[in-house]
Amino acid sequence: MSKPHDYLLIGQGQAGTLLAHFLEQAGKTAHVVDQYNPRSATQVAAGIINPITGRRYVKSWRVDELIPFAKKTYRDLESRLGIPIYHERPILRALFNSREENDWLARTAEPGYGQYMLDAAGLEEYAEKTVPAYSYGEVRHSAQVDIGRLADAYRAYLREKGAITEEVFDYGKLEVAAQGVRYKGLEAQTAVFCEGQHARQNPFFNYLPFGGAKGEVLIVRIPGARFEKILKHRVFIVPLQDGLYWVGSTYGWKFDNDGPTPEARAFLGERLEDILKTPFEVVEHRAAIRPTVKDRRPFLGRHPEFPSLALFNGLGTKGASLGPFWAKHMADFLVKNSTLEEAVDIGRFGGE
Ligand SMILES: Cc1cc2nc3c(=O)[nH]c(=O)nc-3n(C[C@H](O)[C@H](O)[C@H](O)COP(=O)(O)OP(=O)(O)OC[C@H]3O[C@@H](n4cnc5c(N)ncnc54)[C@H](O)[C@@H]3O)c2cc1C
């Protein structure tokens with residue numbers, strides 16, 4: 001039996017990575033069990049942080065707190081891991097008619113919106129290389145976060161520390177007692193499940209109303225372009241490294257597998273052909289399932305019957321912006337026994 005740990009984390013996507021980071025900052029030890037999956041949401045996401053969303057151009061839930069906290073967390077992790085993660089990039093939002101333009105302009109004038117929305121957008125290279133929309137707005141304080149790269153670099157760091165077991169977690173081997181858990185020779189006070197959409201198969205927490213939204217994306221090369229900003233036209237075009245762009249994504253609420261489909265490939269390809277005036281080449285077609293929750297709020301808390309089991313999940317469609325703030329909230333809850341905000345507490349759905 002190895003030395004007991006404070007925490008055993010199951011899953012090391014965006015949720016598990018950030019929670020491990022904040023637990024370590026709090027001086028706690030954690031061992032991670034994770035089976036790398038190229039089809040996990042963290043590996044497929046663009047990691048866009050977009051403060052202004054939807055057809056009505058409203059601020060995302062609690063962006064004024066979430067974005068500065070996210071930026072600071074990613075900057076800290078960049079210095080710790082020695083890689084760039086947080087890329088501040090304005091989002092150009094295509095507006096398709098005068099009503100949309102008027103709504104955009106009206107919103108920019110509202111209190112609390114001016115810092116996030118510009119009425120005069122700077123199209124730069126998009127002006128020549130894309131088919132023009134009616135008009136454009138520009139979003140500020142937006143970013144693209146390399147959450148897949150962050151998880152990869154953090155995994156390498158955990159390997160160096162000998163703090164990760166890379167395998168599928170076997171629930172049948174978990175011994176649960178009031179004071180702690182044991183798993184294959186590992187001991188910890190609390191096991192925290194950070195399994196993303198896989199939590200639907202978790203026998204302890206599958207009573208929670210997990211959703212799931214499948215998303216498919218294309219990774220493309222656009223040889224004639226050097227776009228710097230993110231464009232939200234019919235789909236998002238997001239600059240990545242090495243001249244590649246992320247194009248997506250689809251939303252599927254009913255699906256029978258997590259793999260790429262020819263329909264989504266055709267849909268995304270056609271949207272891109274409609275937008276671009278310059279040729280592109282599809283390098284990869286990827287798919288994953290977002291860990292969504294019905295009320296669109298994260299899932300944090302301890303099991304109602306087994307307090308040595310806890311869960312951090314439900315980052316849904318917005319793991320890049322929600323992840324840091326709620327991972328810190330979860331770490332404070334675990335370490336300092338602080339109270340969870342009701343909006344994110346799994347207790348809001350009752351017990352088992
Ligand atoms: C197409 C797409 C586009 C997206 N775009 C954005 C975006 O632009 N901006 C944004 O903020 N968010 C975006 N998201 C959402 C974002 O990806 C998620 O919110 C976030 O990555 C969820 O992280 P997670 O750690 O909860 O889950 P996951 O990424 O699913 O990670 C879970 C990890 O746990 C492992 N695991 C699970 N169960 C077990 C087990 N039993 N044993 C061992 N290992 C296990 C998995 O293999 C995986 O490594 C997008 C998602 C998709 C699919």
# chains A, B, ... in the order shown; residues from 1 in each chain; ligands from 1
>>> residues_around(residues="Leu19 in chain A", least_positions_apart="5", cutoff="12 Å", atoms="only C-alpha atoms", output="PyMOL selection string")
chain A and resi 7-14+24-26+28-32+73+151+154+192-194+300+311-313+323-335
>>> residues_around(residues="Trp253 in chain A", least_positions_apart="5", cutoff="7 Å", atoms="only C-alpha atoms", output="PyMOL selection string")
chain A and resi 212-214
>>> closest_residue(among="A:Ile230, A:Leu77, A:Val33, A:Leu123", to="Leu150 in chain A", atoms="only C-alpha atoms")
A:Leu77
>>> closest_residue(among="A:Thr339, A:Thr130, A:Asn202, A:Ser308", to="Lys277 in chain A", atoms="only C-alpha atoms")
A:Thr130
>>> closest_residue(among="A:Arg297, A:Lys71, A:Arg39, A:Arg221", to="ligand 1", atoms="only C-alpha atoms and all ligand atoms")
A:Arg39
>>> closest_residue(among="A:Asn206, A:Thr108, A:Ser321, A:Asn97", to="Ile49 in chain A", atoms="only C-alpha atoms")
A:Ser321
>>> closest_residue(among="A:Ile52, A:Ala320, A:Leu276, A:Leu231", to="Thr17 in chain A", atoms="only C-alpha atoms")
A:Ala320
>>> residues_around(residues="Val238 in chain A", least_positions_apart="2", cutoff="8 Å", atoms="only C-alpha atoms", output="PyMOL selection string")
chain A and resi 46+144+229-231+236+240+245-247
